[in-house]
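J.: Below you'll find structure_35.cif; it's mmCIF, C-alpha atoms and all ligand atoms.
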data_upload
loop_
_atom_site.group_PDB
_atom_site.id
_atom_site.type_symbol
_atom_site.label_atom_id
_atom_site.label_comp_id
_atom_site.auth_asym_id
_atom_site.auth_seq_id
_atom_site.Cartn_x
_atom_site.Cartn_y
_atom_site.Cartn_z
ATOM 1 C CA MET A 1 0.000 0.000 0.000
ATOM 2 C CA PHE A 2 2.749 2.474 0.963
ATOM 3 C CA THR A 3 4.812 1.591 -2.088
ATOM 4 C CA SER A 4 1.831 2.392 -4.313
ATOM 5 C CA ILE A 5 1.562 5.949 -2.955
ATOM 6 C CA ALA A 6 5.317 6.621 -2.662
ATOM 7 C CA PRO A 7 5.585 8.763 -5.839
ATOM 8 C CA ARG A 8 3.072 11.337 -4.558
ATOM 9 C CA TYR A 9 3.499 10.786 -0.824
ATOM 10 C CA ASP A 10 5.373 14.018 0.012
ATOM 11 C CA LEU A 11 3.108 16.224 -2.071
ATOM 12 C CA LEU A 12 0.016 14.687 -0.479
ATOM 13 C CA ASN A 13 1.392 15.056 3.037
ATOM 14 C CA HIS A 14 2.015 18.757 2.578
ATOM 15 C CA VAL A 15 -1.262 19.471 0.745
ATOM 16 C CA LEU A 16 -3.505 17.469 3.078
ATOM 17 C CA SER A 17 -1.908 18.845 6.255
ATOM 18 C CA PHE A 18 -1.620 22.443 4.925
ATOM 19 C CA ASN A 19 2.139 22.088 5.566
ATOM 20 C CA VAL A 20 1.642 21.658 9.327
ATOM 21 C CA ASP A 21 3.395 18.256 9.017
ATOM 22 C CA ARG A 22 6.740 20.098 8.731
ATOM 23 C CA LEU A 23 6.123 21.870 12.050
ATOM 24 C CA TRP A 24 5.229 18.564 13.752
ATOM 25 C CA TRP A 25 8.408 16.779 12.587
ATOM 26 C CA ARG A 26 10.543 19.761 13.629
ATOM 27 C CA ARG A 27 8.870 20.056 17.031
ATOM 28 C CA ALA A 28 9.265 16.333 17.718
ATOM 29 C CA ALA A 29 12.952 16.461 16.724
ATOM 30 C CA ARG A 30 13.528 19.485 19.009
ATOM 31 C CA THR A 31 12.269 17.436 21.956
ATOM 32 C CA PHE A 32 15.328 15.210 21.618
ATOM 33 C CA SER A 33 17.899 17.968 21.045
ATOM 34 C CA VAL A 34 20.013 16.959 24.066
ATOM 35 C CA THR A 35 20.526 13.394 22.813
ATOM 36 C CA LEU A 36 20.986 14.533 19.221
ATOM 37 C CA SER A 37 23.717 17.013 20.167
ATOM 38 C CA ARG A 38 25.926 14.169 21.452
ATOM 39 C CA ALA A 39 28.555 13.052 18.959
ATOM 40 C CA ASP A 40 28.364 9.461 20.233
ATOM 41 C CA ALA A 41 24.556 9.188 20.004
ATOM 42 C CA CYS A 42 22.835 6.615 17.788
ATOM 43 C CA ALA A 43 19.291 7.350 16.624
ATOM 44 C CA LEU A 44 16.871 5.232 14.614
ATOM 45 C CA ASP A 45 13.787 6.603 12.851
ATOM 46 C CA LEU A 46 11.353 3.730 12.332
ATOM 47 C CA CYS A 47 8.744 3.636 9.565
ATOM 48 C CA CYS A 48 10.715 6.546 8.103
ATOM 49 C CA GLY A 49 8.924 6.597 4.738
ATOM 50 C CA THR A 50 10.481 9.264 2.518
ATOM 51 C CA GLY A 51 12.590 10.459 5.433
ATOM 52 C CA ASP A 52 11.136 13.774 6.618
ATOM 53 C CA MET A 53 11.260 12.890 10.333
ATOM 54 C CA THR A 54 14.766 11.464 9.849
ATOM 55 C CA LEU A 55 15.863 14.688 8.130
ATOM 56 C CA ALA A 56 14.347 16.728 10.984
ATOM 57 C CA LEU A 57 16.461 14.683 13.442
ATOM 58 C CA TYR A 58 19.528 15.299 11.288
ATOM 59 C CA ARG A 59 18.932 19.071 11.186
ATOM 60 C CA GLN A 60 18.343 19.117 14.936
ATOM 61 C CA SER A 61 21.625 17.265 15.499
ATOM 62 C CA ARG A 62 23.349 20.253 13.852
ATOM 63 C CA LYS A 63 25.751 17.786 12.355
ATOM 64 C CA SER A 64 26.989 16.822 15.837
ATOM 65 C CA GLY A 65 28.191 13.550 14.403
ATOM 66 C CA ALA A 66 25.307 11.598 15.940
ATOM 67 C CA LYS A 67 24.605 8.512 13.811
ATOM 68 C CA ILE A 68 21.078 8.666 12.415
ATOM 69 C CA LEU A 69 19.465 5.789 10.563
ATOM 70 C CA GLY A 70 16.059 5.575 8.883
ATOM 71 C CA ALA A 71 14.296 2.210 8.519
ATOM 72 C CA ASP A 72 11.191 1.240 6.583
ATOM 73 C CA PHE A 73 9.908 -1.905 4.873
ATOM 74 C CA SER A 74 8.939 -0.105 1.662
ATOM 75 C CA HIS A 75 11.828 -0.017 -0.795
ATOM 76 C CA ALA A 76 10.152 2.694 -2.900
ATOM 77 C CA MET A 77 9.816 4.990 0.114
ATOM 78 C CA LEU A 78 13.488 4.465 1.039
ATOM 79 C CA GLN A 79 14.647 5.243 -2.496
ATOM 80 C CA ARG A 80 13.002 8.646 -2.184
ATOM 81 C CA ALA A 81 14.450 9.180 1.273
ATOM 82 C CA SER A 82 17.899 8.389 -0.050
ATOM 83 C CA ARG A 83 17.541 10.862 -2.918
ATOM 84 C CA LYS A 84 16.292 13.628 -0.596
ATOM 85 C CA SER A 85 19.205 13.156 1.798
ATOM 86 C CA ALA A 86 22.069 13.177 -0.714
ATOM 87 C CA GLY A 87 25.086 14.893 0.836
ATOM 88 C CA THR A 88 24.110 14.066 4.423
ATOM 89 C CA SER A 89 25.464 11.314 6.653
ATOM 90 C CA LEU A 90 22.009 9.697 6.958
ATOM 91 C CA ARG A 91 21.767 5.971 6.302
ATOM 92 C CA TRP A 92 18.709 3.983 5.210
ATOM 93 C CA LEU A 93 17.765 0.398 5.845
ATOM 94 C CA GLU A 94 14.962 -1.875 4.657
ATOM 95 C CA ALA A 95 13.590 -3.456 7.838
ATOM 96 C CA ASP A 96 10.385 -4.494 9.576
ATOM 97 C CA ALA A 97 9.729 -2.488 12.744
ATOM 98 C CA LEU A 98 8.363 -5.648 14.370
ATOM 99 C CA ASN A 99 11.545 -7.620 13.788
ATOM 100 C CA LEU A 100 14.508 -5.244 13.786
ATOM 101 C CA PRO A 101 17.922 -6.521 12.657
ATOM 102 C CA PHE A 102 19.717 -4.956 15.641
ATOM 103 C CA ALA A 103 21.200 -6.271 18.865
ATOM 104 C CA HIS A 104 19.661 -5.399 22.237
ATOM 105 C CA SER A 105 20.531 -1.908 23.565
ATOM 106 C CA SER A 106 21.783 -0.477 20.243
ATOM 107 C CA PHE A 107 20.180 3.010 20.209
ATOM 108 C CA ASP A 108 19.935 6.136 22.372
ATOM 109 C CA LEU A 109 16.862 7.399 20.543
ATOM 110 C CA ILE A 110 14.113 5.769 18.481
ATOM 111 C CA THR A 111 11.417 7.766 16.730
ATOM 112 C CA ALA A 112 8.451 6.840 14.554
ATOM 113 C CA ALA A 113 6.320 9.484 12.814
ATOM 114 C CA PHE A 114 2.886 8.480 11.519
ATOM 115 C CA GLY A 115 4.097 4.907 11.091
ATOM 116 C CA PHE A 116 3.675 3.178 14.439
ATOM 117 C CA ARG A 117 -0.128 3.355 14.023
ATOM 118 C CA ASN A 118 0.181 1.036 11.011
ATOM 119 C CA LEU A 119 1.879 -1.789 12.875
ATOM 120 C CA ALA A 120 -0.073 -5.033 13.050
ATOM 121 C CA ASP A 121 0.703 -5.437 16.771
ATOM 122 C CA TYR A 122 1.327 -2.307 18.883
ATOM 123 C CA ASP A 123 2.539 -4.212 21.976
ATOM 124 C CA ALA A 124 5.038 -6.211 19.920
ATOM 125 C CA GLY A 125 6.186 -2.934 18.304
ATOM 126 C CA LEU A 126 6.709 -1.323 21.726
ATOM 127 C CA ARG A 127 8.588 -4.361 23.040
ATOM 128 C CA GLU A 128 10.864 -4.326 19.974
ATOM 129 C CA ILE A 129 11.626 -0.622 20.521
ATOM 130 C CA VAL A 130 12.418 -1.262 24.187
ATOM 131 C CA ARG A 131 14.647 -4.199 23.213
ATOM 132 C CA VAL A 132 16.894 -2.176 20.893
ATOM 133 C CA LEU A 133 16.973 0.960 23.095
ATOM 134 C CA ARG A 134 19.848 1.391 25.528
ATOM 135 C CA PRO A 135 18.940 1.717 29.216
ATOM 136 C CA GLY A 136 18.014 5.394 29.683
ATOM 137 C CA GLY A 137 17.358 5.705 25.940
ATOM 138 C CA GLU A 138 14.315 7.589 24.676
ATOM 139 C CA CYS A 139 11.532 6.898 22.248
ATOM 140 C CA GLY A 140 9.260 9.393 20.459
ATOM 141 C CA ILE A 141 6.141 8.235 18.643
ATOM 142 C CA LEU A 142 4.480 11.026 16.685
ATOM 143 C CA ASP A 143 1.036 10.167 15.409
ATOM 144 C CA PHE A 144 -2.488 11.396 14.841
ATOM 145 C CA GLY A 145 -4.792 11.984 17.790
ATOM 146 C CA ASN A 146 -8.472 12.382 18.340
ATOM 147 C CA PRO A 147 -9.218 16.090 18.977
ATOM 148 C CA GLN A 148 -12.340 16.900 20.987
ATOM 149 C CA GLY A 149 -14.978 19.646 20.869
ATOM 150 C CA LEU A 150 -16.088 21.715 17.905
ATOM 151 C CA LEU A 151 -12.657 21.634 16.291
ATOM 152 C CA GLY A 152 -12.639 17.846 16.681
ATOM 153 C CA GLY A 153 -15.996 17.623 14.870
ATOM 154 C CA LEU A 154 -14.793 19.819 11.998
ATOM 155 C CA TYR A 155 -11.538 17.911 11.810
ATOM 156 C CA ARG A 156 -13.360 14.558 11.557
ATOM 157 C CA VAL A 157 -15.504 15.841 8.662
ATOM 158 C CA TYR A 158 -12.318 16.910 6.877
ATOM 159 C CA PHE A 159 -10.457 13.708 7.726
ATOM 160 C CA LYS A 160 -13.252 11.300 6.790
ATOM 161 C CA ARG A 161 -14.899 13.077 3.854
ATOM 162 C CA VAL A 162 -12.448 15.485 2.189
ATOM 163 C CA LEU A 163 -9.058 13.857 2.740
ATOM 164 C CA PRO A 164 -9.896 10.423 1.230
ATOM 165 C CA VAL A 165 -11.275 12.070 -1.929
ATOM 166 C CA VAL A 166 -8.350 14.473 -2.422
ATOM 167 C CA GLY A 167 -5.839 11.751 -1.465
ATOM 168 C CA THR A 168 -7.291 9.305 -3.983
ATOM 169 C CA LEU A 169 -7.411 11.969 -6.730
ATOM 170 C CA ILE A 170 -3.807 13.124 -6.305
ATOM 171 C CA SER A 171 -2.251 9.701 -5.640
ATOM 172 C CA GLY A 172 -4.271 8.017 -8.378
ATOM 173 C CA VAL A 173 -4.567 4.995 -6.076
ATOM 174 C CA ARG A 174 -7.776 3.785 -4.469
ATOM 175 C CA GLY A 175 -7.611 2.551 -0.893
ATOM 176 C CA PRO A 176 -4.761 4.060 1.107
ATOM 177 C CA TYR A 177 -6.460 7.394 1.781
ATOM 178 C CA ALA A 178 -9.684 5.687 2.823
ATOM 179 C CA TYR A 179 -7.622 3.455 5.096
ATOM 180 C CA LEU A 180 -6.025 6.478 6.821
ATOM 181 C CA PRO A 181 -9.094 7.641 8.846
ATOM 182 C CA ALA A 182 -9.883 4.008 9.724
ATOM 183 C CA SER A 183 -6.345 3.452 10.995
ATOM 184 C CA VAL A 184 -6.537 6.608 13.133
ATOM 185 C CA GLU A 185 -9.864 5.450 14.590
ATOM 186 C CA ARG A 186 -8.439 2.092 15.646
ATOM 187 C CA PHE A 187 -5.304 3.706 17.148
ATOM 188 C CA PRO A 188 -5.586 3.766 20.974
ATOM 189 C CA ASP A 189 -5.969 7.056 22.866
ATOM 190 C CA PRO A 190 -3.228 8.160 25.312
ATOM 191 C CA GLU A 191 -5.264 6.773 28.252
ATOM 192 C CA GLU A 192 -4.829 3.328 26.707
ATOM 193 C CA LEU A 193 -1.436 3.548 25.002
ATOM 194 C CA LEU A 194 0.520 5.046 27.926
ATOM 195 C CA PRO A 195 -0.141 2.053 30.247
ATOM 196 C CA ARG A 196 0.766 -0.251 27.352
ATOM 197 C CA MET A 197 4.080 1.610 26.971
ATOM 198 C CA ARG A 198 4.799 1.086 30.669
ATOM 199 C CA SER A 199 3.897 -2.611 30.401
ATOM 200 C CA ALA A 200 6.277 -2.955 27.445
ATOM 201 C CA GLY A 201 9.153 -1.735 29.637
ATOM 202 C CA PHE A 202 9.239 2.061 29.523
ATOM 203 C CA GLN A 203 10.017 3.575 32.956
ATOM 204 C CA GLU A 204 8.478 6.910 31.994
ATOM 205 C CA ALA A 205 5.755 7.547 29.432
ATOM 206 C CA SER A 206 3.975 10.769 28.481
ATOM 207 C CA TRP A 207 1.921 12.287 25.666
ATOM 208 C CA THR A 208 2.032 15.893 24.414
ATOM 209 C CA PRO A 209 -0.761 17.115 22.114
ATOM 210 C CA TYR A 210 0.220 18.998 18.957
ATOM 211 C CA THR A 211 -2.197 21.427 17.230
ATOM 212 C CA PHE A 212 -5.177 20.896 19.571
ATOM 213 C CA GLY A 213 -4.566 17.159 19.669
ATOM 214 C CA ILE A 214 -4.813 16.552 15.916
ATOM 215 C CA ALA A 215 -1.435 14.930 16.420
ATOM 216 C CA GLY A 216 0.670 14.236 19.490
ATOM 217 C CA LEU A 217 4.010 12.929 20.668
ATOM 218 C CA TYR A 218 4.295 9.843 22.872
ATOM 219 C CA ARG A 219 7.550 9.907 24.768
ATOM 220 C CA GLY A 220 9.038 7.012 26.666
ATOM 221 C CA ARG A 221 12.296 6.401 28.519
ATOM 222 C CA LYS A 222 13.679 2.891 28.985
HETATM 223 C C1 LIG B 1 2.408 7.210 6.849
HETATM 224 S S1 LIG B 1 4.020 6.700 6.444
HETATM 225 C C2 LIG B 1 5.007 7.744 7.478
HETATM 226 C C3 LIG B 1 6.331 8.065 6.866
HETATM 227 C C4 LIG B 1 7.171 9.116 7.591
HETATM 228 N N1 LIG B 1 7.606 8.665 8.885
HETATM 229 C C5 LIG B 1 6.452 10.443 7.700
HETATM 230 O O1 LIG B 1 6.344 10.985 8.810
HETATM 231 O O2 LIG B 1 6.029 10.948 6.645
HETATM 232 C C6 LIG B 1 4.136 5.158 7.249
HETATM 233 C C7 LIG B 1 5.379 4.370 6.865
HETATM 234 O O3 LIG B 1 5.468 3.255 7.746
HETATM 235 C C8 LIG B 1 6.007 2.164 7.018
HETATM 236 N N2 LIG B 1 5.680 0.945 7.756
HETATM 237 C C9 LIG B 1 4.460 0.501 8.132
HETATM 238 N N3 LIG B 1 4.560 -0.652 8.819
HETATM 239 C C10 LIG B 1 5.892 -0.928 8.900
HETATM 240 C C11 LIG B 1 6.648 -1.982 9.487
HETATM 241 N N4 LIG B 1 6.065 -2.999 10.131
HETATM 242 N N5 LIG B 1 7.989 -1.941 9.387
HETATM 243 C C12 LIG B 1 8.615 -0.931 8.725
HETATM 244 N N6 LIG B 1 7.952 0.089 8.139
HETATM 245 C C13 LIG B 1 6.606 0.090 8.227
HETATM 246 C C14 LIG B 1 5.367 2.285 5.647
HETATM 247 O O4 LIG B 1 6.091 1.614 4.648
HETATM 248 C C15 LIG B 1 5.362 3.800 5.459
HETATM 249 O O5 LIG B 1 6.490 4.249 4.751
#
Represent the structure contained in this file as C-alpha cells.
T.:
Amino acid sequence: MFTSIAPRYDLLNHVLSFNVDRLWWRRAARTFSVTLSRADACALDLCCGTGDMTLALYRQSRKSGAKILGADFSHAMLQRASRKSAGTSLRWLEADALNLPFAHSSFDLITAAFGFRNLADYDAGLREIVRVLRPGGECGILDFGNPQGLLGGLYRVYFKRVLPVVGTLISGVRGPYAYLPASVERFPDPEELLPRMRSAGFQEASWTPYTFGIAGLYRGRK
C-alpha cells in the first residue's frame, strides 16, 4: 500500500496537512535535542517513509556527528528518502519495525512518525523498541490523535470526507487514503497507550498534544 503511494506521498502530506506536518516533525525532533547534540549518540527513525522525520532529526543534530538511521519496509519509500538526503550522513535500511535486525541496547533514541499506528501489533512494536533501546534511551512516537470539541468535529468531517477524496485523486490509487481515517480510529488514545508503553518496559511515558490534539508525541524512557 505504501509503495503504491510513494511517488506522490510528500506532495500529499504537505497538501492534506496544509504544511503543518513540517512543524510537527521539527517540534518532535527538538524534543530530543540533548541526545541529538551528542557526537556518540545513535538514533533510529522507524517507519521513516520518505525520510522527513529522519531529516528533521539530522537538522536538529546540527551535524553533531550523531549517527542517524532511517528504517522502513517499503523499498520505494526508502529510495526517495535516499535521494532527498544526498550529501548528508544519513543511512537507510529496509527493515520491519516488528523484527529489527539490531542487537539489544543499540540506540539512544528511536522515533516513529505516523508509522507506528500502522503496525499489526502495537505491543510487539513497543517491546521491539524497548529491546533495541539502551537503558536510559528515549523513544518518540508522533502520530495522529483524536481532537475533541467543535474543532474535533470539523476535523473529523475533513479527515473522513475530504481527505480520502483528495488523497485518492492526487495519488491516483484507491484505498490508502480511505484506510487512513480508519487506521486513526483504531489507534488507541493516550489513556490506553501510555499504560501499554509502561507494560512494554518504559520507565516513563507521556503524551504531548500537537495542534489541539490533531497529532501528538508519545515519549518514553527505557
Ligand atoms: C504514513 S508513512 C510515514 C512516513 C514518515 N515517517 C512520515 O512521517 O512521513 C508510514 C510508513 O510506515 C512504514 N511501515 C508501516 N509498517 C511498517 C513496518 N512494520 N515496518 C517498517 N515500516 C513500516 C510504511 O512503509 C510507510 O512508509
J.: What lies within 10 Å of Phe2 of chain A using only C-alpha atoms, ignoring chain neighbours under 5 positions off, as a PDB file with C-alpha atoms, keeping the file's coordinate frame?
T.:
ATOM      1  CA  PRO A   7       5.585   8.763  -5.839  1.00  0.00           C
ATOM      2  CA  TYR A   9       3.499  10.786  -0.824  1.00  0.00           C
ATOM      3  CA  GLY A  49       8.924   6.597   4.738  1.00  0.00           C
ATOM      4  CA  PHE A  73       9.908  -1.905   4.873  1.00  0.00           C
ATOM      5  CA  SER A  74       8.939  -0.105   1.662  1.00  0.00           C
ATOM      6  CA  HIS A  75      11.828  -0.017  -0.795  1.00  0.00           C
ATOM      7  CA  ALA A  76      10.152   2.694  -2.900  1.00  0.00           C
ATOM      8  CA  MET A  77       9.816   4.990   0.114  1.00  0.00           C
ATOM      9  CA  PRO A 176      -4.761   4.060   1.107  1.00  0.00           C
TER      10      PRO A 176
END
J.: Which residues are near ligand LIG 1 (chain B) - at most 7 Å, using all atoms listed in the file? Format: as a list in words.
T.: Phe2, Thr3, Leu46, Cys47, Cys48, Gly49, Thr50, Gly51, Asp52, Met53, Ala71, Asp72, Phe73, Ser74, Met77, Ala95, Asp96, Ala97, Leu98, Ala112, Ala113, Phe114, Gly115, Phe116, Asn118 and Leu119 of chain A
J.: Would you put the residues from that selection into a file with C-alpha atoms, as a compact mmCIF listing (two decimals), in the frame of the given file?
T.:
# COMPACT_ATOMS: atom_id res chain seq x y z
CA PHE A 2 2.75 2.47 0.96
CA THR A 3 4.81 1.59 -2.09
CA LEU A 46 11.35 3.73 12.33
CA CYS A 47 8.74 3.64 9.56
CA CYS A 48 10.72 6.55 8.10
CA GLY A 49 8.92 6.60 4.74
CA THR A 50 10.48 9.26 2.52
CA GLY A 51 12.59 10.46 5.43
CA ASP A 52 11.14 13.77 6.62
CA MET A 53 11.26 12.89 10.33
CA ALA A 71 14.30 2.21 8.52
CA ASP A 72 11.19 1.24 6.58
CA PHE A 73 9.91 -1.90 4.87
CA SER A 74 8.94 -0.10 1.66
CA MET A 77 9.82 4.99 0.11
CA ALA A 95 13.59 -3.46 7.84
CA ASP A 96 10.38 -4.49 9.58
CA ALA A 97 9.73 -2.49 12.74
CA LEU A 98 8.36 -5.65 14.37
CA ALA A 112 8.45 6.84 14.55
CA ALA A 113 6.32 9.48 12.81
CA PHE A 114 2.89 8.48 11.52
CA GLY A 115 4.10 4.91 11.09
CA PHE A 116 3.68 3.18 14.44
CA ASN A 118 0.18 1.04 11.01
CA LEU A 119 1.88 -1.79 12.88
J.: Mind telling me what the PyMOL selection byres (((chain A and resi 31-42) around 10) and not hetatm) catches here, as a PyMOL selection string?
T.: chain A and resi 26-30+43-44+57-69+106-111+133-134+137-140+217+219
J.: For segment 140-151 of chain A, I'd like the enclosing box, axis-aligned and padded by 6 Å on every side, reported as JSON with centre and edge lengths in Å to one decimal.
T.:
{"center_x": -3.4, "center_y": 15.0, "center_z": 17.9, "size_x": 37.3, "size_y": 25.5, "size_z": 18.1}
J.: When distances are computed from all atoms listed in the file, which of A:Ala6, A:Leu126, A:Leu100, A:Leu180 shows the smallest separation from Leu78 of chain A?
T.: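 Among the listed residues, the smallest separation from Leu78 of chain A belongs to A:Ala6.
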J.: At most 12 Å from (-1.6, 18.7, 21.8), file frame, only C-alpha atoms: which residues, as a list of chain:residue names?
T.: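 Residues found, by chain and rising number: A:Trp24, A:Arg27, A:Ala28, A:Leu142, A:Asp143, A:Phe144, A:Gly145, A:Asn146, A:Pro147, A:Gln148, A:Pro190, A:Ser206, A:Trp207, A:Thr208, A:Pro209, A:Tyr210, A:Thr211, A:Phe212, A:Gly213, A:Ile214, A:Ala215, A:Gly216, A:Leu217, A:Tyr218.
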J.: What is the distance, in Å and to one decimal place, between atom CA of Ser4 of chain A and atom CA of Tyr177 of chain A?
T.: 11.4 Å
J.: Evaluate the PyMOL selection byres (((chain A and resi 172) around 12) and not hetatm) against this structure - the residues, as an NGL selection string, please.
T.: :A and (4-9 or 12 or 164-171 or 173-177)
J.: Which polymer residues, whether protein, DNA or RNA, lie within 12 Å of the coordinate (0.2, 1.2, 27.2) when you count only C-alpha atoms? List them as a PyMOL selection string, using the chain letters and numbers from the file.
T.: chain A and resi 122-127+187-207+218-220
J.: So that I have them on file, write out the residues from the current selection with C-alpha atoms, as a compact mmCIF listing (two decimals), in the frame of the given file.
T.:
# COMPACT_ATOMS: atom_id res chain seq x y z
CA TYR A 122 1.33 -2.31 18.88
CA ASP A 123 2.54 -4.21 21.98
CA ALA A 124 5.04 -6.21 19.92
CA GLY A 125 6.19 -2.93 18.30
CA LEU A 126 6.71 -1.32 21.73
CA ARG A 127 8.59 -4.36 23.04
CA PHE A 187 -5.30 3.71 17.15
CA PRO A 188 -5.59 3.77 20.97
CA ASP A 189 -5.97 7.06 22.87
CA PRO A 190 -3.23 8.16 25.31
CA GLU A 191 -5.26 6.77 28.25
CA GLU A 192 -4.83 3.33 26.71
CA LEU A 193 -1.44 3.55 25.00
CA LEU A 194 0.52 5.05 27.93
CA PRO A 195 -0.14 2.05 30.25
CA ARG A 196 0.77 -0.25 27.35
CA MET A 197 4.08 1.61 26.97
CA ARG A 198 4.80 1.09 30.67
CA SER A 199 3.90 -2.61 30.40
CA ALA A 200 6.28 -2.96 27.44
CA GLY A 201 9.15 -1.74 29.64
CA PHE A 202 9.24 2.06 29.52
CA GLN A 203 10.02 3.58 32.96
CA GLU A 204 8.48 6.91 31.99
CA ALA A 205 5.76 7.55 29.43
CA SER A 206 3.98 10.77 28.48
CA TRP A 207 1.92 12.29 25.67
CA TYR A 218 4.30 9.84 22.87
CA ARG A 219 7.55 9.91 24.77
CA GLY A 220 9.04 7.01 26.67
J.: Could you check the closest approach to Asp121 of chain A for each of A:Val15, A:Arg186, A:Gly152, A:Ala178 and tell me which residue wins, using all atoms listed in the file?
T.: A:Arg186
J.: Rounded to one decimal, what separation in Å do you get between atom CA of Tyr179 of chain A and atom CA of Val162 of chain A?
T.: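 Between atom CA of Tyr179 of chain A and atom CA of Val162 of chain A the gap works out to 13.3 Å.
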J.: Atom CA of Leu16 of chain A to atom CA of Gln79 of chain A: how many Å, to one decimal?
T.: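 Atom CA of Gln79 of chain A lies at a distance of 22.6 Å from atom CA of Leu16 of chain A.
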J.: Apply the PyMOL selection byres (((chain A and resi 132) around 6) and not hetatm) to the file shown and report the selected residues as JSON, numbers by chain.
T.: {"A": [104, 105, 106, 129, 130, 131, 133]}
J.: Given the choices A:Val20, A:Ala86, A:Leu150, A:Ala81, which gets closest to Thr54 of chain A if the distance is worked out from all atoms listed in the file?
T.: A:Ala81
J.: Give the answer as one residue: which of A:Leu55, A:Ala182, A:Leu93, A:Leu154 has the shortest atom-to-atom distance to Arg117 of chain A, using only C-alpha atoms?
T.: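 Result for the nearest residue to Arg117 of chain A: A:Ala182.
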